[in-house]
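Notes for the one structure printed next.
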Amino acid sequence: MKWCCSLLLAGLFTTSSWAVLTPVDDVPVRTPANYDPMVPSPLVIALHGYTGNGNETNGLLGLWPEAESRGFLYASPTGSTDAWGNNYWNATDACCDFLGENIDHIGYLIDLVASIQSRYNVDSSHIHFIGHSNGGFMCHALACARPDVIASATSIAGAVWNDPAQCAAEQPVHVLQVHGTSDDTVLYSGGSFGSSQYPGAQATVDQWAQQNGCQPMGTPVLDTIDFDGYVGGSETDVYRSSACDSGGSVELWKCNGSGHGFSVTAAGKAAVFSYMLEHSKSTVSDCPADITGDQVIDIHDLLLLLGEWGISGDSTSDIDASGTVDVDDLLLLIIAWGPCSS
């Protein structure tokens with residue numbers, strides 16, 4: 001996010017049109033080499049920061065190789081262009097519709113998901129958004145407004161609404177906040193852009209913990225990750241809320257010494273995609289063994305279950321909701337083999 005100076009100086013004399021958006025059907029979608037249209041695939045949509053674009057997101061976060069290796073469909077759209085010539089997402093009051101154009105980017109991104117679903121076999125329980133800076137703010141706004149569509153929102157250096165009343169998610173959702181303690185653009189402890197305040201990283205996850213019915217986030221460091229290649233060692237501490245409502249969770253990855261820009265390491269990318277695969281959208285089904293959602297329990301469901309064997313956490317293959325994909329889930333799948341009963 002190349003802000004502050006650009007906010008005051010950039011593009012004041014440009015002739016670019018206001019609120020330019022790429023039609024949802026024209027946003028490129030990358031498919032993994034092993035994509036099988038008969039098997040639902042997880043989807044991740046990556047969102048750029050203020051003044052960025054979809055191509056820059058690919059370069060900044062470098063997610064596609066890991067997305068492909070994990071079998072994800074991948075898209076990185078570009079937001080609207082304001083009268084200053086800067087691309088942006090209209091996320092919260094703090095960021096980043098600075099000229100008050102009031103474009104419905106939530107509606108646009110949900111339409112993008114629907115467009116991708118119309119062309120590809122998307123696993124509706126694994127639709128994930130990840131964004132940096134303004135894109136991180138947008139991920140929070142999406143999680144607030146449409147938890148019925150998305151499984152998880154990963155915000156890197158973004159923040160939720162400062163006023164919790166503006167975030168009234170109607171069901172639990174998985175939220176991951178990644179933030180550098182030395183960020184001097186979107187401050188770790190919170191701040192403002194103009195007169196609009198945004199909460200800090202801790203206040204953001206505390207707000208989501210309450211929203212998702214979780215216990216307050218504990219203080220013990222549960223894990224460490226070498227997330228940011230700009231900082232030596234495993235600089236990132238992982239914190240997690242517990243006892244959340246079904247379908248919801250909250251994590252904070254505190255990147256000690258990291259600034260606003262990240263050089264995401266291979267370990268960091270792997271950790272992000274493991275997080276996504278372990279956090280699916282809670283769905284109500286009369287046919288819980290139908291892992292693929294195609295109303296029949298068959299070899300495709302069996303292969304998905306075996307592929308997640310031993311996984312602990314939230315997984316659609318955890319048919320008995322025990323917290324682990326194991327032999328009990330396999331037996332339930334075998335018993336239910338065949339078409340789902342109406």
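Chain labels A, B, ... are given in the sequence in which chains occur in the structure tokens; within each chain residues are numbered consecutively from 1, and ligands are likewise numbered from 1 in the order shown.
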Restrict the calculation to only C-alpha atoms, then for each residue of range 154-248 of chain A with any atom at most 12 Å from an atom of range 61-69 of chain A give the closest atom pair and their distance in Å to one decimal, rows by chain and rising residue number, as a tab-separated table.
```
residue	atom	partner	partner_atom	distance
A:Ile156	CA	A:Leu61	CA	10.0
A:Phe227	CA	A:Leu61	CA	11.2
A:Asp228	CA	A:Leu61	CA	10.6
A:Gly229	CA	A:Leu61	CA	11.6
```
Legend entry - Using only C-alpha atoms: which of A:Asp226, A:Asp206, A:Ala336, A:Thr219 has the shortest distance to Lys269 in chain A: A:Asp226
Legend entry - Arg146 in chain A surroundings by only C-alpha atoms, 9 Å radius, close-in-sequence under 3 positions cut, as a list in words: Ile106, Ile110, Ala141, Leu142, Ala143, Val149, Ile150, Ala169, Glu170 and Gln171 of chain A
Inset, instruction - Apply DSSP to the backbone of this structure and, from range 46-259 of chain A, keep only the residues in alpha helix (DSSP H); write these as an NGL selection string. - result: :A and (54-61 or 64-69 or 105-119 or 134-145 or 201-211)
Could the residues in this selection be saved with N, CA and C atoms as a compact mmCIF listing (two decimals), in the first residue's frame?
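In the end it all went to out-v7.txt:
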```txt
# COMPACT_ATOMS: atom_id res chain seq x y z
N GLY A 54 -4.53 -6.52 -9.18
CA GLY A 54 -4.51 -7.97 -9.05
C GLY A 54 -3.17 -8.58 -9.40
N ASN A 55 -2.52 -8.05 -10.43
CA ASN A 55 -1.21 -8.59 -10.80
C ASN A 55 -0.17 -8.33 -9.73
N GLU A 56 -0.22 -7.15 -9.10
CA GLU A 56 0.72 -6.84 -8.02
C GLU A 56 0.51 -7.77 -6.83
N THR A 57 -0.73 -8.15 -6.60
CA THR A 57 -1.01 -9.08 -5.50
C THR A 57 -0.29 -10.39 -5.72
N ASN A 58 -0.29 -10.86 -6.96
CA ASN A 58 0.42 -12.10 -7.26
C ASN A 58 1.90 -11.98 -6.95
N GLY A 59 2.48 -10.81 -7.29
CA GLY A 59 3.89 -10.62 -7.03
C GLY A 59 4.21 -10.40 -5.57
N LEU A 60 3.35 -9.64 -4.88
CA LEU A 60 3.62 -9.30 -3.48
C LEU A 60 3.50 -10.52 -2.57
N LEU A 61 2.41 -11.25 -2.70
CA LEU A 61 2.18 -12.39 -1.81
C LEU A 61 2.71 -13.70 -2.39
N TRP A 64 0.29 -18.14 -5.78
CA TRP A 64 -0.19 -19.10 -6.75
C TRP A 64 0.53 -20.45 -6.69
N PRO A 65 1.86 -20.53 -6.63
CA PRO A 65 2.49 -21.85 -6.61
C PRO A 65 1.98 -22.74 -5.47
N GLU A 66 1.82 -22.15 -4.28
CA GLU A 66 1.30 -22.93 -3.15
C GLU A 66 -0.17 -23.28 -3.37
N ALA A 67 -0.93 -22.31 -3.92
CA ALA A 67 -2.34 -22.58 -4.21
C ALA A 67 -2.48 -23.75 -5.18
N GLU A 68 -1.65 -23.76 -6.22
CA GLU A 68 -1.72 -24.84 -7.19
C GLU A 68 -1.36 -26.18 -6.56
N SER A 69 -0.32 -26.19 -5.74
CA SER A 69 0.11 -27.45 -5.14
C SER A 69 -0.93 -28.01 -4.18
N HIS A 105 -18.43 -2.94 -3.23
CA HIS A 105 -17.42 -3.95 -3.52
C HIS A 105 -17.75 -5.29 -2.87
N ILE A 106 -18.51 -5.28 -1.81
CA ILE A 106 -18.94 -6.55 -1.24
C ILE A 106 -19.82 -7.29 -2.26
N GLY A 107 -20.78 -6.58 -2.82
CA GLY A 107 -21.64 -7.18 -3.84
C GLY A 107 -20.84 -7.64 -5.04
N TYR A 108 -19.85 -6.84 -5.44
CA TYR A 108 -19.02 -7.20 -6.59
C TYR A 108 -18.26 -8.50 -6.33
N LEU A 109 -17.66 -8.63 -5.16
CA LEU A 109 -16.86 -9.82 -4.86
C LEU A 109 -17.72 -11.06 -4.67
N ILE A 110 -18.91 -10.89 -4.12
CA ILE A 110 -19.83 -12.03 -4.01
C ILE A 110 -20.30 -12.46 -5.40
N ASP A 111 -20.54 -11.48 -6.29
CA ASP A 111 -20.88 -11.81 -7.68
C ASP A 111 -19.72 -12.53 -8.36
N LEU A 112 -18.48 -12.13 -8.03
CA LEU A 112 -17.32 -12.80 -8.60
C LEU A 112 -17.29 -14.26 -8.18
N VAL A 113 -17.56 -14.52 -6.91
CA VAL A 113 -17.62 -15.90 -6.44
C VAL A 113 -18.66 -16.68 -7.23
N ALA A 114 -19.85 -16.09 -7.40
CA ALA A 114 -20.92 -16.78 -8.13
C ALA A 114 -20.52 -17.03 -9.58
N SER A 115 -19.81 -16.07 -10.20
CA SER A 115 -19.36 -16.25 -11.57
C SER A 115 -18.38 -17.41 -11.68
N ILE A 116 -17.45 -17.49 -10.72
CA ILE A 116 -16.48 -18.59 -10.72
C ILE A 116 -17.20 -19.92 -10.50
N GLN A 117 -18.18 -19.92 -9.60
CA GLN A 117 -18.94 -21.15 -9.34
C GLN A 117 -19.70 -21.61 -10.58
N SER A 118 -20.10 -20.68 -11.44
CA SER A 118 -20.84 -21.05 -12.64
C SER A 118 -19.96 -21.69 -13.70
N ARG A 119 -18.64 -21.48 -13.59
CA ARG A 119 -17.71 -22.00 -14.59
C ARG A 119 -16.84 -23.14 -14.09
N ASN A 134 -5.35 -2.55 2.36
CA ASN A 134 -6.74 -2.28 1.99
C ASN A 134 -7.48 -3.58 1.68
N GLY A 135 -6.77 -4.54 1.06
CA GLY A 135 -7.39 -5.84 0.82
C GLY A 135 -7.70 -6.58 2.10
N GLY A 136 -6.86 -6.38 3.13
CA GLY A 136 -7.14 -6.97 4.45
C GLY A 136 -8.36 -6.36 5.10
N PHE A 137 -8.51 -5.04 4.99
CA PHE A 137 -9.73 -4.38 5.47
C PHE A 137 -10.94 -4.97 4.75
N MET A 138 -10.79 -5.19 3.43
CA MET A 138 -11.91 -5.72 2.64
C MET A 138 -12.27 -7.13 3.08
N CYS A 139 -11.28 -7.93 3.44
CA CYS A 139 -11.57 -9.28 3.93
C CYS A 139 -12.42 -9.23 5.20
N HIS A 140 -12.08 -8.32 6.09
CA HIS A 140 -12.88 -8.17 7.31
C HIS A 140 -14.31 -7.73 6.96
N ALA A 141 -14.44 -6.78 6.04
CA ALA A 141 -15.77 -6.30 5.66
C ALA A 141 -16.61 -7.43 5.07
N LEU A 142 -15.99 -8.28 4.26
CA LEU A 142 -16.69 -9.43 3.69
C LEU A 142 -17.13 -10.41 4.77
N ALA A 143 -16.23 -10.68 5.72
CA ALA A 143 -16.58 -11.61 6.79
C ALA A 143 -17.73 -11.07 7.63
N CYS A 144 -17.76 -9.76 7.81
CA CYS A 144 -18.87 -9.15 8.55
C CYS A 144 -20.19 -9.28 7.79
N ALA A 145 -20.13 -9.04 6.48
CA ALA A 145 -21.37 -8.94 5.69
C ALA A 145 -21.85 -10.26 5.13
N ALA A 201 -4.55 -4.65 15.97
CA ALA A 201 -4.64 -6.08 15.70
C ALA A 201 -5.30 -6.82 16.86
N GLN A 202 -4.90 -6.50 18.09
CA GLN A 202 -5.48 -7.18 19.24
C GLN A 202 -6.96 -6.85 19.38
N ALA A 203 -7.31 -5.58 19.21
CA ALA A 203 -8.72 -5.19 19.31
C ALA A 203 -9.54 -5.83 18.19
N THR A 204 -8.93 -6.01 17.02
CA THR A 204 -9.62 -6.65 15.90
C THR A 204 -9.98 -8.09 16.24
N VAL A 205 -9.01 -8.85 16.74
CA VAL A 205 -9.31 -10.26 17.04
C VAL A 205 -10.21 -10.37 18.27
N ASP A 206 -10.11 -9.45 19.21
CA ASP A 206 -11.01 -9.47 20.37
C ASP A 206 -12.45 -9.25 19.92
N GLN A 207 -12.62 -8.34 18.96
CA GLN A 207 -13.96 -8.10 18.43
C GLN A 207 -14.51 -9.35 17.74
N TRP A 208 -13.66 -10.04 16.98
CA TRP A 208 -14.11 -11.25 16.30
C TRP A 208 -14.36 -12.39 17.28
N ALA A 209 -13.57 -12.44 18.36
CA ALA A 209 -13.81 -13.48 19.37
C ALA A 209 -15.20 -13.33 19.97
N GLN A 210 -15.59 -12.11 20.25
CA GLN A 210 -16.94 -11.87 20.78
C GLN A 210 -17.99 -12.19 19.72
N GLN A 211 -17.73 -11.80 18.48
CA GLN A 211 -18.68 -12.04 17.39
C GLN A 211 -18.90 -13.53 17.17
```
Give me, as a Markdown table, each residue of range 255-303 of chain A that comes within 10 Å of range 25-44 of chain A, together with its shortest interatomic pair and the distance in Å at one decimal, counting only C-alpha atoms, with rows ordered by chain and rising residue number.
```
| residue | atom | partner | partner_atom | distance |
| --- | --- | --- | --- | --- |
| A:Phe273 | CA | A:Val44 | CA | 9.4 |
| A:Met276 | CA | A:Val44 | CA | 8.8 |
| A:Leu277 | CA | A:Pro42 | CA | 8.1 |
| A:Ser280 | CA | A:Pro42 | CA | 9.6 |
| A:Ile291 | CA | A:Pro40 | CA | 9.4 |
| A:Thr292 | CA | A:Pro40 | CA | 6.0 |
| A:Gly293 | CA | A:Pro40 | CA | 8.1 |
| A:Asp294 | CA | A:Pro40 | CA | 8.8 |
| A:His300 | CA | A:Val39 | CA | 6.8 |
| A:Asp301 | CA | A:Val39 | CA | 9.0 |
```
Could the residues in this selection be saved with C-alpha atoms as an mmCIF file, in the first residue's frame?
```
data_model
loop_
_atom_site.group_PDB
_atom_site.id
_atom_site.type_symbol
_atom_site.label_atom_id
_atom_site.label_comp_id
_atom_site.auth_asym_id
_atom_site.auth_seq_id
_atom_site.Cartn_x
_atom_site.Cartn_y
_atom_site.Cartn_z
ATOM 1 C CA PHE A 273 -2.942 -22.657 3.000
ATOM 2 C CA MET A 276 -7.507 -22.444 4.917
ATOM 3 C CA LEU A 277 -7.826 -26.181 4.377
ATOM 4 C CA SER A 280 -14.247 -24.870 6.268
ATOM 5 C CA ILE A 291 -18.136 -34.456 1.479
ATOM 6 C CA THR A 292 -18.167 -33.175 -2.123
ATOM 7 C CA GLY A 293 -21.720 -31.823 -1.874
ATOM 8 C CA ASP A 294 -22.960 -33.581 -5.036
ATOM 9 C CA HIS A 300 -14.812 -38.957 -4.748
ATOM 10 C CA ASP A 301 -15.930 -38.569 -1.134
#
```
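Excluding Ile311 in chain A itself and any same-chain residue fewer than 3 positions from it, the protein and nucleic acid residues within 6 Å of it, counting only C-alpha atoms, are A:Glu308, A:Thr324, A:Val325.
The nearest approach to Ile127 in chain A among the residues A:Ile45, A:Val186, A:Leu330, A:Val173, with only C-alpha atoms taken into account, belongs to A:Ile45.
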Inset, instruction - Using DSSP on the backbone, list every residue of range 115-213 of chain A that comes out as strand (DSSP E), and give them as a ChimeraX atom specification. - result: /A:122-132,152-156,174-180,190-193,196-199
Inset, instruction - Just the residues within 9 Å of Val238 in chain A, please, counting only C-alpha atoms, with nothing from its chain fewer than 3 positions along; format it as a PyMOL selection string. - result: chain A and resi 220-225+251-255
